[in-house]
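Structure first, then comments.
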Amino acid sequence: MKKWHIHITLITAFVYCSCSNESTESYAPTPSALNIPKLFQDNIIAPVIPNNNPQTTEGVALGKKLFFDPILSGNNTQACADCHAPKNAFTDTARFSDGIDGTLGNRNAMPLFNLAWNYDEKFFWDGKSFSLEHQAFSPVTDPREMKSTWAEVEKKLQEHVEYPTLFQQAFGTSRIDSTLVTKAIAQFERTLISANSKFDKFLLGEAQLTPEEQNGFDVFMDEARGDCFHCHGSDKNPLWTDNAFHNNGLDETFTDLGLGAVTGDPADNGKFRSPSLRNLKFTAPYMHDGRFNTLEEVINHYSEGLKNSSTIDPLMKKVAQGGVNLTEKDKTDLKAFLLTLSDDAFVNNPSFSN
Amino acid sequence: MKHITYILILSFLLLRCESDSTKTTNAEANISFRFSHAWDNTPVTNTDFNTIKFTNAKGEQLSIERLRYLVSDITFTTFNNEKFVLNEYKLIDVENSQNLSFNPSLTIPSGNYKNVSFTFGFNNDDNYNDYQDLNAASWNVPSQLGGGYHYMQLEGKFIDNTSTETGYAYHAIRAVDNSVSPPKFQDTFFEIDLGEITISDGTNINIEMNIAEWFNNPNIWDLNVLNTMLMPNFDAQVLMFENGQNAFSLISVE
């Protein structure tokens, strides 16, 4: 009987100790739900947030610090924000961004916003990265971009006076590795939400469109004129992109295969991800290779500049005539409408700048 | 005392089982649907896409690059004309192999049904509701054309009468003529009857769409005339509606 008592006492003590250890050692960062805009809440399905990387206050703050810190580059001169500038809706005004030693890439930096609503999670112009976390891995080691190694980045961060503590606060460990770095950056990027344009306010009953802007929207939604809505969203899809891959008739032959180089399927050659039409006011130049400097050039391309190829999207109409040949008024009004999708509050949001 | 307690519990359990079995005459059945596709007698999957390999009734050669369509309101009608309606919809995406097979979330009583049917597209009540997943899939019809949702998007290329590969976008929606005020509408959703089916738990219903039918019967489709900008084309929508009537058939019940 005495033995039983001893056993019970020991077990109780063990359980107590193990519980008390847990309560002192385990650390939970502060959950920080995304601030989902009403139009998104009302119209489209929930954003993608991986179970293994929930949004937290500490994680987002760390991700932001990393995003603006040149420590991620090989020679400590280039941060993510250098090619993804907040005032340009997180893209680059240069056609091709230059890396730390001046080497140019071959694609225009993609703007960054509303990324958590990319349901298929295929990132970059060619969809080569699955998930936002995975996307953040590439630029650090790309020799045309930050030209570093993850081992070097991890070492610099580990030896930094602040980062080990910040990782401890964000992830409960001060041991820094590439997975946690990309998780933090992805958390910050998911907070980059743009939904406060004039057209958003119009849909919420808080603004009026001019007759020109309204006609431009009608052109956008008219299958016989702009027919932009099949790939670029609508008043019911506030992302203004389908995040899918299309050949939009830029070239007869391809120097950049786009999606085709990723899938190996010739039927995908010349296809690139539809970019969102939000924030065009800030994101010139346009197209995957930044070939167009102005919105007029973009609209002219779709109106009379289409080039035929074997993979051109069936939605590109009247290709033999170069396109749908919009009137000058429709072109002007379409541009006016497109600019109503620009969100000044987003590019000026202090939460998103250094 | 112990014995009495056991007897009471057993009696309760037995009574409970009995009352359950008398409540429902037929056991509830989980069922599944599988949609396959063919060009007349040749099976079609997304591996057949992007190549000009089909010939329509008009003799035009064509490819398929994208095929998505909506089915809704699967209905089971008993011999007493009692209807069990699965008030669900599915956007079937052949290009990306999504929803080719699905299990409705609801069960229905096992037994013989004199007809199983479903709606191609949405009926008018359903069409003007808001669906977040369909909005996210950019499946909407512009409000300028009455709003609601596409019923089908069939796209690809054909060899036109100048021997040029040309795109077509065979998009089915509710027919609308918005050149008049108020706009004139005509319903173009339709019900597909699969006939008598015996349902038990685990029954799988295999349905096939013969894609060639959309170009064939009763209207011989001429892609040189009707290839794109078909959504605002009232007459084209009515032709699609007529041609779609025999596009679906029951292949098997397993």
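Here, A, B, ... name the chains of the structure tokens in the order displayed, residue numbers run from 1 inside each chain, and ligands are numbered from 1 in the same displayed order.
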
Need the shell around Asp235 in chain B: protein/DNA/RNA residues with any atom at most 9 Å away, counting only C-alpha atoms. Skip same-chain ones fewer than 2 positions apart. Format as a PyMOL selection string?
chain B and resi 175-177+230+233+237-240

Could you save those same residues with C-alpha atoms as a tab-separated table (two decimals), in the first residue's frame?
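Result file out31.tsv:
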```
chain	number	residue	atom	x	y	z
B	175	ALA	CA	-29.74	34.45	-73.69
B	176	VAL	CA	-30.17	38.19	-73.59
B	177	ASP	CA	-30.87	40.84	-76.18
B	230	LEU	CA	-21.17	34.98	-78.58
B	233	ASN	CA	-25.48	37.13	-79.34
B	237	GLN	CA	-27.23	31.39	-77.17
B	238	VAL	CA	-30.51	29.84	-78.27
B	239	LEU	CA	-28.67	27.63	-80.76
B	240	MET	CA	-26.32	26.49	-77.98
```

Near-range 55-69 of chain A list (8 Å; only C-alpha atoms; drop same-chain fewer than 6 positions) as a PyMOL selection string:
chain A and resi 29-34+49+78-82+166-167+169-171+181-189+191+352+354

Write the residues of the preceding selection, restricted to C-alpha atoms, as a tab-separated table (two decimals), in the first residue's frame.
```tsv
chain	number	residue	atom	x	y	z
A	29	PRO	CA	3.37	34.81	-30.74
A	30	THR	CA	0.35	37.06	-30.98
A	31	PRO	CA	-2.17	35.97	-33.65
A	32	SER	CA	-2.81	38.72	-36.16
A	33	ALA	CA	-5.66	38.04	-38.56
A	34	LEU	CA	-5.55	39.65	-41.98
A	49	ILE	CA	-2.85	31.16	-45.22
A	78	GLN	CA	20.13	45.30	-51.89
A	79	ALA	CA	16.84	44.65	-50.08
A	80	CYS	CA	13.63	43.15	-51.45
A	81	ALA	CA	12.20	46.67	-51.37
A	82	ASP	CA	14.80	47.94	-53.82
A	166	LEU	CA	13.11	38.85	-33.18
A	167	PHE	CA	13.03	35.26	-34.47
A	169	GLN	CA	9.59	36.37	-30.55
A	170	ALA	CA	8.12	35.41	-33.93
A	171	PHE	CA	8.74	31.68	-33.99
A	181	VAL	CA	13.15	33.85	-42.97
A	182	THR	CA	10.82	33.10	-45.87
A	183	LYS	CA	7.92	32.43	-43.52
A	184	ALA	CA	8.35	35.86	-41.95
A	185	ILE	CA	8.62	37.61	-45.32
A	186	ALA	CA	5.52	35.78	-46.56
A	187	GLN	CA	3.59	36.89	-43.49
A	188	PHE	CA	4.49	40.51	-44.19
A	189	GLU	CA	3.64	40.16	-47.88
A	191	THR	CA	-0.58	42.00	-45.19
A	352	PHE	CA	4.05	49.13	-45.61
A	354	ASN	CA	10.37	51.47	-43.97
```

Determine, for each residue of chain B having at least one atom at most 6 Å from an atom of chain A, the closest pair of atoms and their separation in Å to one decimal, counting only C-alpha atoms; order by chain and ascending number, as a Markdown table.
```
| residue | atom | partner | partner_atom | distance |
| --- | --- | --- | --- | --- |
| B:Gln132 | CA | A:Ile44 | CA | 4.2 |
| B:Asp133 | CA | A:Ile45 | CA | 5.7 |
| B:Asn135 | CA | A:Asn237 | CA | 5.6 |
| B:Ala136 | CA | A:Ile44 | CA | 5.1 |
| B:Ser138 | CA | A:Gly233 | CA | 5.9 |
| B:Gly156 | CA | A:Pro314 | CA | 5.7 |
| B:Gly167 | CA | A:Pro314 | CA | 4.1 |
| B:Tyr168 | CA | A:Pro314 | CA | 5.7 |
| B:Met229 | CA | A:Ala224 | CA | 5.4 |
```

Given only C-alpha atoms as the basis, pick out the residue of A:Ile176, A:Leu204, A:Ala89, A:Ala94 nearest to His160 in chain A.
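Answer, going by the shortest atom-to-atom distance: A:Ile176.
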
Pick the closest to His37 in chain B from B:Arg68, B:Lys58, B:Asp187, B:Arg174: which is it, counting only C-alpha atoms?
B:Arg68

Residues within 10 Å of Thr45 in chain B, please, as a PyMOL selection string. Count only C-alpha atoms; anything in the same chain fewer than 2 positions from it doesn't count.
chain B and resi 36-38+42-43+47-49+94-95+97

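What separates CA of Arg34 in chain B from CA of Glu208 in chain B is a distance of 8.3 Å.
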
Name the residues of range 79-240 of chain B that come out as strand (DSSP E) in a backbone DSSP run; write them as an mmCIF file with C-alpha atoms, in the first residue's frame.
```cif
data_model
loop_
_atom_site.group_PDB
_atom_site.id
_atom_site.type_symbol
_atom_site.label_atom_id
_atom_site.label_comp_id
_atom_site.auth_asym_id
_atom_site.auth_seq_id
_atom_site.Cartn_x
_atom_site.Cartn_y
_atom_site.Cartn_z
ATOM 1 C CA LYS B 83 -38.203 14.648 -55.186
ATOM 2 C CA PHE B 84 -34.865 14.708 -53.395
ATOM 3 C CA VAL B 85 -32.934 17.713 -54.612
ATOM 4 C CA LEU B 86 -29.243 18.114 -53.893
ATOM 5 C CA ASN B 87 -29.168 21.850 -53.759
ATOM 6 C CA GLU B 88 -25.545 22.073 -54.799
ATOM 7 C CA TYR B 89 -23.578 23.078 -57.859
ATOM 8 C CA LYS B 90 -20.265 22.063 -59.333
ATOM 9 C CA LEU B 91 -17.996 23.905 -61.716
ATOM 10 C CA ILE B 92 -16.402 21.140 -63.743
ATOM 11 C CA ASP B 93 -13.034 22.129 -65.172
ATOM 12 C CA SER B 101 -15.697 13.362 -59.806
ATOM 13 C CA PHE B 102 -17.516 14.560 -56.758
ATOM 14 C CA ILE B 108 -30.449 10.286 -50.211
ATOM 15 C CA PRO B 109 -32.544 7.249 -49.274
ATOM 16 C CA GLY B 111 -34.034 2.642 -53.494
ATOM 17 C CA ASN B 112 -35.333 2.808 -57.026
ATOM 18 C CA TYR B 113 -35.819 6.204 -58.609
ATOM 19 C CA ASN B 115 -35.503 9.535 -62.812
ATOM 20 C CA VAL B 116 -32.280 11.237 -61.855
ATOM 21 C CA SER B 117 -31.738 14.631 -63.412
ATOM 22 C CA PHE B 118 -29.541 17.694 -63.128
ATOM 23 C CA THR B 119 -29.502 21.218 -64.458
ATOM 24 C CA PHE B 120 -26.980 22.391 -67.020
ATOM 25 C CA MET B 152 -20.139 26.819 -70.056
ATOM 26 C CA GLN B 153 -16.862 28.041 -71.494
ATOM 27 C CA LEU B 154 -15.597 25.922 -74.380
ATOM 28 C CA GLU B 155 -12.604 27.461 -76.108
ATOM 29 C CA GLY B 156 -10.017 26.482 -78.647
ATOM 30 C CA LYS B 157 -8.872 27.069 -82.220
ATOM 31 C CA PHE B 158 -10.269 26.056 -85.593
ATOM 32 C CA ILE B 159 -8.992 26.194 -89.139
ATOM 33 C CA GLU B 165 -5.877 28.898 -86.978
ATOM 34 C CA THR B 166 -8.450 31.126 -85.336
ATOM 35 C CA GLY B 167 -9.725 31.225 -81.784
ATOM 36 C CA TYR B 168 -13.267 30.414 -80.776
ATOM 37 C CA ALA B 169 -14.972 31.019 -77.429
ATOM 38 C CA TYR B 170 -18.212 29.045 -77.210
ATOM 39 C CA HIS B 171 -19.556 30.588 -74.008
ATOM 40 C CA ALA B 172 -23.070 29.640 -72.904
ATOM 41 C CA ALA B 175 -29.739 34.454 -73.686
ATOM 42 C CA VAL B 176 -30.166 38.193 -73.592
ATOM 43 C CA ASP B 177 -30.870 40.843 -76.177
ATOM 44 C CA LYS B 184 -35.176 40.552 -73.632
ATOM 45 C CA PHE B 185 -34.204 37.301 -71.903
ATOM 46 C CA GLN B 186 -34.715 33.690 -72.827
ATOM 47 C CA PHE B 190 -31.912 22.948 -69.207
ATOM 48 C CA GLU B 191 -32.544 19.759 -67.311
ATOM 49 C CA ILE B 192 -30.805 16.553 -68.259
ATOM 50 C CA ASP B 193 -32.751 13.389 -67.490
ATOM 51 C CA ILE B 197 -31.559 4.476 -61.478
ATOM 52 C CA THR B 198 -31.335 2.233 -58.425
ATOM 53 C CA ILE B 199 -29.429 3.885 -55.624
ATOM 54 C CA THR B 203 -23.494 4.138 -56.012
ATOM 55 C CA ASN B 204 -21.405 5.893 -58.638
ATOM 56 C CA ILE B 205 -23.207 7.545 -61.527
ATOM 57 C CA ASN B 206 -21.122 7.996 -64.674
ATOM 58 C CA ILE B 207 -22.201 10.753 -67.040
ATOM 59 C CA GLU B 208 -20.633 11.637 -70.345
ATOM 60 C CA MET B 209 -20.673 14.855 -72.328
ATOM 61 C CA ASN B 210 -20.357 14.334 -76.073
#
```

Among the residues of range 13-203 of chain B, find those DSSP assigns to helix (DSSP H, G or I) from the backbone and print them as a ChimeraX atom specification.
/B:13-23,46-48,124-127,132-136,143-145

Excluding range 289-298 of chain A and its own-chain neighbours fewer than 3 positions away, which residues fall within 9 Å of it when counting only C-alpha atoms? Please give them as a CSV table (one decimal) with C-alpha atoms, in the first residue's frame.
```csv
chain,number,residue,atom,x,y,z
A,94,ALA,CA,12.9,50.0,-64.4
A,95,ARG,CA,12.0,47.5,-67.2
A,96,PHE,CA,14.5,45.0,-65.8
A,106,ASN,CA,14.9,39.5,-68.1
A,107,ARG,CA,11.5,40.2,-66.6
A,108,ASN,CA,9.8,43.1,-65.0
A,109,ALA,CA,9.5,42.8,-61.2
A,280,LEU,CA,-1.5,50.6,-62.8
A,281,LYS,CA,-0.9,54.3,-62.1
A,284,ALA,CA,4.7,51.1,-65.3
A,285,PRO,CA,6.3,49.6,-67.3
A,286,TYR,CA,3.9,46.9,-68.3
A,301,HIS,CA,-1.6,46.4,-78.2
A,302,TYR,CA,-5.0,44.7,-77.4
A,303,SER,CA,-6.8,47.0,-79.9
A,331,LYS,CA,-9.5,53.7,-75.6
A,332,THR,CA,-9.4,57.0,-73.6
A,335,LYS,CA,-7.7,54.1,-69.6
A,338,LEU,CA,-8.3,51.5,-65.4
```

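Note that CA of Asn41 in chain B and CA of Glu213 in chain B are 11.4 Å apart.
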
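Here CA of Thr283 in chain A is placed at a distance of 15.2 Å from CA of Ile299 in chain A.
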
Fewer than 4 positions away in the same chain doesn't count, so skip those; otherwise give me all residues within 8 Å of Ser178 in chain A, counting only C-alpha atoms, as a list in words.
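Contacts, with the query itself left out: Phe137, Trp150, Glu154 and Thr182 of chain A.
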
Output C-alpha atoms for every residue in that selection, as a JSON list (two decimals), in the first residue's frame.
```
[["chain", "number", "residue", "atom", "x", "y", "z"],
["A", 137, "PHE", "CA", 13.54, 31.64, -51.46],
["A", 150, "TRP", "CA", 21.28, 30.90, -47.62],
["A", 154, "GLU", "CA", 21.60, 32.63, -42.00],
["A", 182, "THR", "CA", 10.82, 33.10, -45.87]]
```
